[in-house]
Amino acid sequence: MASEIFQGGVLDHIGGSWRRPSSEPTTDVLNPATGQVIAQSPAGSAGDVAAAVEAAAAAFPDWRAMPPGDRVQYLFRLKQLLEDHFEEIARITTIENGKTLAESRGELRRGIENIETACGIPTLMQGYNLEDIASGIDELMFRQPLGVVAAITPFNFPSMIPLWFLPYAIACGNTFVLKPSERVPFSIIRIMQLIEKTGLPKGVVNIVNGGKAAVDALLDHPMVQAISFVGSSPVARYVYARAAANGKRAQCQGGAKNHVVVLPDADHDATTKIIADSAYGCAGQRCLAVSVAVTVGEAREWFPKSITGAASVLKVGSGLESDVQMGPVITPSSRHRVEELIAQGASEGARPLLDGRSASASRQTGGNFVGPTVLDGIPASSSLAETEIFGPVLSLIHADSVDDATAIIRHNSFGNASSIFTTSGAAARKFRNEIPTGNVGVNVGVAAPMAYFPFSGWRGSFFGILHAQGRDAVEFYTAEKVVIERWPKEWSRKF
Ligand code: NAD
């Protein structure tokens with residue numbers, strides 16, 4: 001089945017029909033483990049976007065009128081279909097993205113959890129009310145859908161990130177247009193085929209492919225009421241500004257530079273294992289991946305050696321092989337960029353304890369492999385300490401005190417996630433309370449919120465107010481309508 005989906009090429013899904021995009025193919029979809037070109041994604045066009053938005057707008061009145069309890073029946077069916085096709089979708093994700101099968105399964109599981117949460121919409125979407133705000137006058141607040149809403153998603157979680165938005169958007173009664181990453185279009189094409197099998201009315205969910213041209217057309221289309229975006233910070237900032245200038249509500253999740261603080265009293269083995277998973281899982285291409293470990297005091301005596309030991313034994317290769325622990329990065333240019341940043345770190349004063357440049361797996365397979373890398377002693381003021389690497393590179397900075405360590409995090413312009421490793425409850429509590437990041441881990445390396453909590457993110461990692469997932473998503477995808485009613489008894493007929 002995986003090969004069939006690739007052979008079909010990159011197709012749009014508009015108003016219930018599969019369509020070949022009208023714009024020129026411009027981006028190769030690669031298997032990052034082999035370098036093989038699987039297909040080509042289109043540039044995207046305003047015409048295709050307009051067709052998708054118009055199909056969504058046409059489907060909106062009937063979909064919005066359907067009772068919420070009936071709308072979620074399609075999501076219950078979708079959940080079951082995803083369970084039935086779980087392995088097949090994970091395999092497609094591994095082939096187009098490069099991550100290991102275990103990681104692809106993990107992201108699909110997280111995506112399904114969002115469908116499960118959105119099935120609670122008859123409760124989650126309720127408003128509130130109060131009798132007698134003045135004598136004989138009542139006030140009610142209803143949540144109503146917005147209309148056509150759109151999401152623009154990145155390459156690193158091809159199945160999960162679209163599912164941060166799609167289930168809530170449609171459960172709330174909106175109709176939806178997705179613009180997936182041009183580098184990984186196939187996981188969501190397969191999921192769309194399953195959405196069709198649920199019997200969802202045509203036009204409620206549409207997919208339109210492409211790059212910047214498609215994004216700009218969505219941002220400018222007057223019928224699109226809301227934009228959800230996940231990707232790098234410069235694009236997130238741009239999308240937020242252009243959506244706002246066009247009068248749309250927007251939630252834009254950006255890039256990250258995540259820190260963990262290792263205190264001297266942290267459990268050595270557990271801390272090392274958890275941080276290695278955070279730094280090298282998904283080849284470092286997670287927005288919650290740790291990029292910098294700050295060792296405090298004597299933690300510098302043991303942590304550099306233990307993390308280098310753990311990183312050096314990771315098996316790197318094709319994610320389809322069951323014993324492989326780390327796959328490739330997404331493209332050859334991504335690999336070159338990461339390798340150049342490792343060189344930059346060395347030139348800025350870091351000592352490579354483990355250097356993943358020229359990984360042997362690349363020579364053997366033609367894929368985009370960078371081996372696990374540890375850069376020790378990065379100056380906190382270096383440009384690398386501020387740069388999102390998005391590859392399997394962990395930088396180590398040493399601090400004399402917890403306050404010095406938290407000052408490093410505070411100084412950073414991103415605010416996606418940070419973690420502390422310690423056996424001291426008081427130190428953990430202070431960190432949790434004071435650290436300016438939206439997701440915080442305590443002895444947890446990837447502080448990924450469950451579907452029923454907001455996927456937070458602060459400062460340069462997020463533009464907007466309401467985040468993805470859970471109650472935030474319901475608020476984002478609905479408008480509050482307040483009704484104030486007076487029904488004097490003297491106006492009514494007597495019964
Ligand atoms: P990207 O910003 O290159 O692309 C994201 C989306 O924006 C894609 O759909 C792409 O087609 C579109 N796009 C790209 N350039 C554009 C432009 N100039 N104008 C308009 N649209 C444009 O991001 P990526 O490389 O696909 O994903 C990796 C980035 O996403 C990393 O920075 C990572 O930290 C971030 N990310 C953040 C989160 C989060 O929750 N904060 C989650 C996952 C990934």
# chains A, B, ... in the order shown; residues from 1 in each chain; ligands from 1

$ closest_atom_pairs --of "chain A" --to "ligand 1" --cutoff "8 Å" --atoms "only C-alpha atoms and all ligand atoms" --output "Markdown table"
| residue | atom | partner | partner_atom_place_in_ligand_line | distance |
| --- | --- | --- | --- | --- |
| A:Ile152 | CA | ligand 1 | 9 (O) | 5.0 |
| A:Thr153 | CA | ligand 1 | 9 (O) | 4.5 |
| A:Pro154 | CA | ligand 1 | 26 (O) | 3.4 |
| A:Phe155 | CA | ligand 1 | 26 (O) | 4.2 |
| A:Asn156 | CA | ligand 1 | 27 (O) | 5.8 |
| A:Phe157 | CA | ligand 1 | 43 (C) | 6.8 |
| A:Ile161 | CA | ligand 1 | 43 (C) | 7.3 |
| A:Lys179 | CA | ligand 1 | 9 (O) | 6.2 |
| A:Pro180 | CA | ligand 1 | 9 (O) | 5.2 |
| A:Ser181 | CA | ligand 1 | 9 (O) | 3.9 |
| A:Glu182 | CA | ligand 1 | 11 (O) | 5.7 |
| A:Arg183 | CA | ligand 1 | 26 (O) | 7.6 |
| A:Gly210 | CA | ligand 1 | 11 (O) | 6.4 |
| A:Gly211 | CA | ligand 1 | 11 (O) | 3.9 |
| A:Lys212 | CA | ligand 1 | 20 (C) | 4.0 |
| A:Ala213 | CA | ligand 1 | 20 (C) | 7.2 |
| A:Ala214 | CA | ligand 1 | 21 (N) | 7.7 |
| A:Val215 | CA | ligand 1 | 21 (N) | 5.1 |
| A:Asp216 | CA | ligand 1 | 20 (C) | 6.2 |
| A:Phe229 | CA | ligand 1 | 6 (C) | 7.2 |
| A:Val230 | CA | ligand 1 | 37 (C) | 5.3 |
| A:Gly231 | CA | ligand 1 | 30 (O) | 3.1 |
| A:Ser232 | CA | ligand 1 | 32 (O) | 3.3 |
| A:Ser233 | CA | ligand 1 | 32 (O) | 6.1 |
| A:Pro234 | CA | ligand 1 | 2 (O) | 7.1 |
| A:Val235 | CA | ligand 1 | 2 (O) | 5.1 |
| A:Ala236 | CA | ligand 1 | 2 (O) | 6.8 |
| A:Tyr238 | CA | ligand 1 | 19 (N) | 7.2 |
| A:Val239 | CA | ligand 1 | 20 (C) | 6.7 |
| A:Cys252 | CA | ligand 1 | 41 (N) | 8.0 |
| A:Gln253 | CA | ligand 1 | 41 (N) | 4.2 |
| A:Gly254 | CA | ligand 1 | 41 (N) | 4.4 |
| A:Gly255 | CA | ligand 1 | 34 (O) | 3.3 |
| A:Ala256 | CA | ligand 1 | 34 (O) | 4.9 |
| A:Lys257 | CA | ligand 1 | 34 (O) | 8.0 |
| A:Gln285 | CA | ligand 1 | 33 (C) | 7.2 |
| A:Arg286 | CA | ligand 1 | 43 (C) | 6.1 |
| A:Cys287 | CA | ligand 1 | 34 (O) | 4.0 |
| A:Leu288 | CA | ligand 1 | 42 (C) | 7.5 |
| A:Glu388 | CA | ligand 1 | 32 (O) | 7.0 |
| A:Phe390 | CA | ligand 1 | 31 (C) | 6.7 |
| A:Asn416 | CA | ligand 1 | 41 (N) | 6.4 |
| A:Phe455 | CA | ligand 1 | 40 (O) | 6.8 |
| A:Ser456 | CA | ligand 1 | 40 (O) | 7.6 |
| A:Gly457 | CA | ligand 1 | 41 (N) | 6.4 |
| A:Ser461 | CA | ligand 1 | 41 (N) | 5.8 |
| A:Phe462 | CA | ligand 1 | 41 (N) | 6.6 |

$ select_by_dssp --residues "segment 176-399 of chain A" --states "alpha helix (DSSP H)" --output "MDAnalysis selection string"
chainID A and resid 186:197 212:220 233:245 268:280 299:312 332:347 360:365

$ write_last_selection --atoms "C-alpha atoms" --output "CSV table (one decimal), in the first residue's frame"
chain,number,residue,atom,x,y,z
A,186,PHE,CA,1.9,11.4,1.7
A,187,SER,CA,1.1,10.5,5.3
A,188,ILE,CA,-1.8,12.9,5.2
A,189,ILE,CA,-2.9,11.8,1.7
A,190,ARG,CA,-3.3,8.3,3.1
A,191,ILE,CA,-5.1,9.7,6.2
A,192,MET,CA,-7.4,11.7,3.8
A,193,GLN,CA,-8.3,8.5,2.0
A,194,LEU,CA,-9.4,7.1,5.4
A,195,ILE,CA,-11.4,10.3,6.1
A,196,GLU,CA,-13.3,9.7,2.9
A,197,LYS,CA,-14.2,6.2,4.1
A,212,LYS,CA,4.9,29.8,-0.3
A,213,ALA,CA,2.5,30.5,-3.1
A,214,ALA,CA,-0.2,28.3,-1.6
A,215,VAL,CA,0.4,29.7,1.9
A,216,ASP,CA,0.1,33.3,0.7
A,217,ALA,CA,-3.1,32.5,-1.2
A,218,LEU,CA,-4.6,31.1,2.0
A,219,LEU,CA,-3.4,34.1,4.0
A,220,ASP,CA,-5.0,36.5,1.5
A,233,SER,CA,10.1,31.1,13.6
A,234,PRO,CA,10.7,33.5,10.7
A,235,VAL,CA,7.9,32.0,8.7
A,236,ALA,CA,5.6,31.9,11.8
A,237,ARG,CA,6.2,35.6,12.4
A,238,TYR,CA,5.5,36.3,8.7
A,239,VAL,CA,2.3,34.2,8.6
A,240,TYR,CA,1.0,35.8,11.9
A,241,ALA,CA,1.6,39.4,10.5
A,242,ARG,CA,0.0,38.7,7.1
A,243,ALA,CA,-3.0,36.8,8.6
A,244,ALA,CA,-3.6,39.7,11.1
A,245,ALA,CA,-3.2,42.3,8.4
A,268,HIS,CA,23.2,9.9,36.5
A,269,ASP,CA,21.8,7.0,34.5
A,270,ALA,CA,18.2,8.1,34.1
A,271,THR,CA,19.3,11.7,33.2
A,272,THR,CA,21.8,10.5,30.6
A,273,LYS,CA,19.3,8.2,29.0
A,274,ILE,CA,16.4,10.7,28.9
A,275,ILE,CA,18.6,13.5,27.5
A,276,ALA,CA,20.1,11.3,24.8
A,277,ASP,CA,16.6,10.4,23.7
A,278,SER,CA,15.6,14.1,23.7
A,279,ALA,CA,18.7,15.2,21.7
A,280,TYR,CA,18.9,12.4,19.2
A,299,ALA,CA,27.5,17.9,37.0
A,300,ARG,CA,30.2,18.9,34.6
A,301,GLU,CA,32.4,16.2,36.1
A,302,TRP,CA,30.2,13.3,34.9
A,303,PHE,CA,27.6,14.5,32.4
A,304,PRO,CA,29.8,15.2,29.3
A,305,LYS,CA,31.4,11.8,29.5
A,306,SER,CA,28.1,9.9,30.2
A,307,ILE,CA,26.2,11.7,27.4
A,308,THR,CA,29.0,11.1,24.9
A,309,GLY,CA,29.0,7.4,25.8
A,310,ALA,CA,25.3,7.1,25.3
A,311,ALA,CA,25.3,9.1,22.0
A,312,SER,CA,28.3,7.1,20.5
A,332,PRO,CA,20.8,16.9,1.7
A,333,SER,CA,20.8,20.7,2.2
A,334,SER,CA,19.6,20.1,5.8
A,335,ARG,CA,22.5,17.7,6.3
A,336,HIS,CA,25.0,20.3,4.9
A,337,ARG,CA,23.5,23.0,7.1
A,338,VAL,CA,23.9,20.9,10.2
A,339,GLU,CA,27.5,20.0,9.3
A,340,GLU,CA,28.3,23.6,8.8
A,341,LEU,CA,26.9,24.5,12.1
A,342,ILE,CA,29.0,21.9,13.8
A,343,ALA,CA,32.1,23.5,12.1
A,344,GLN,CA,30.9,26.9,13.3
A,345,GLY,CA,30.6,25.6,16.9
A,346,ALA,CA,34.2,24.3,16.7
A,347,SER,CA,35.3,27.7,15.3
A,360,SER,CA,29.3,6.4,7.4
A,361,ALA,CA,25.6,5.7,6.9
A,362,SER,CA,25.5,8.4,4.2
A,363,ARG,CA,28.3,6.9,2.2
A,364,GLN,CA,26.7,3.5,2.4
A,365,THR,CA,23.2,4.4,1.4

$ closest_residue --among "A:Gln36, A:Asn209, A:Thr117, A:Ser383" --to "Ile95 of chain A" --atoms "only C-alpha atoms"
A:Gln36

$ closest_residue --among "A:Leu384, A:Ala150, A:Ala43, A:Ile227" --to "Phe463 of chain A" --atoms "only C-alpha atoms"
A:Ile227

$ decode --residues "segment 167-181 of chain A" --atoms "N, CA, C and O atoms" --output "compact mmCIF listing (two decimals), in the first residue's frame"
# COMPACT_ATOMS: atom_id res chain seq x y z
N PRO A 167 -9.12 17.66 13.80
CA PRO A 167 -10.27 17.13 14.54
C PRO A 167 -11.05 18.20 15.29
O PRO A 167 -12.29 18.19 15.29
N TYR A 168 -10.34 19.15 15.91
CA TYR A 168 -11.03 20.20 16.67
C TYR A 168 -11.77 21.14 15.73
O TYR A 168 -12.88 21.55 16.01
N ALA A 169 -11.09 21.50 14.62
CA ALA A 169 -11.69 22.45 13.68
C ALA A 169 -13.03 21.92 13.18
O ALA A 169 -14.04 22.64 13.23
N ILE A 170 -13.06 20.66 12.76
CA ILE A 170 -14.33 20.17 12.18
C ILE A 170 -15.32 19.79 13.27
O ILE A 170 -16.52 19.97 13.10
N ALA A 171 -14.85 19.29 14.39
CA ALA A 171 -15.80 18.94 15.47
C ALA A 171 -16.54 20.20 15.92
O ALA A 171 -17.71 20.14 16.29
N CYS A 172 -15.87 21.36 15.89
CA CYS A 172 -16.51 22.62 16.29
C CYS A 172 -17.49 23.12 15.22
O CYS A 172 -18.16 24.13 15.44
N GLY A 173 -17.51 22.46 14.04
CA GLY A 173 -18.47 22.86 13.01
C GLY A 173 -17.87 23.70 11.89
O GLY A 173 -18.60 24.20 11.04
N ASN A 174 -16.55 23.87 11.91
CA ASN A 174 -15.88 24.58 10.81
C ASN A 174 -15.62 23.62 9.66
O ASN A 174 -15.64 22.40 9.84
N THR A 175 -15.31 24.17 8.49
CA THR A 175 -14.77 23.35 7.42
C THR A 175 -13.31 23.75 7.24
O THR A 175 -12.90 24.85 7.63
N PHE A 176 -12.51 22.84 6.67
CA PHE A 176 -11.07 22.88 6.90
C PHE A 176 -10.28 22.72 5.61
O PHE A 176 -10.62 21.88 4.77
N VAL A 177 -9.22 23.53 5.48
CA VAL A 177 -8.28 23.37 4.36
C VAL A 177 -6.89 23.17 4.97
O VAL A 177 -6.44 23.99 5.78
N LEU A 178 -6.23 22.10 4.58
CA LEU A 178 -4.88 21.82 5.07
C LEU A 178 -3.87 22.03 3.95
O LEU A 178 -4.06 21.54 2.83
N LYS A 179 -2.78 22.73 4.28
CA LYS A 179 -1.65 22.84 3.35
C LYS A 179 -0.49 22.14 4.06
O LYS A 179 0.19 22.71 4.91
N PRO A 180 -0.26 20.85 3.72
CA PRO A 180 0.82 20.12 4.40
C PRO A 180 2.19 20.55 3.88
O PRO A 180 2.29 21.25 2.87
N SER A 181 3.23 20.10 4.56
CA SER A 181 4.59 20.38 4.09
C SER A 181 4.81 19.75 2.72
O SER A 181 4.45 18.58 2.50
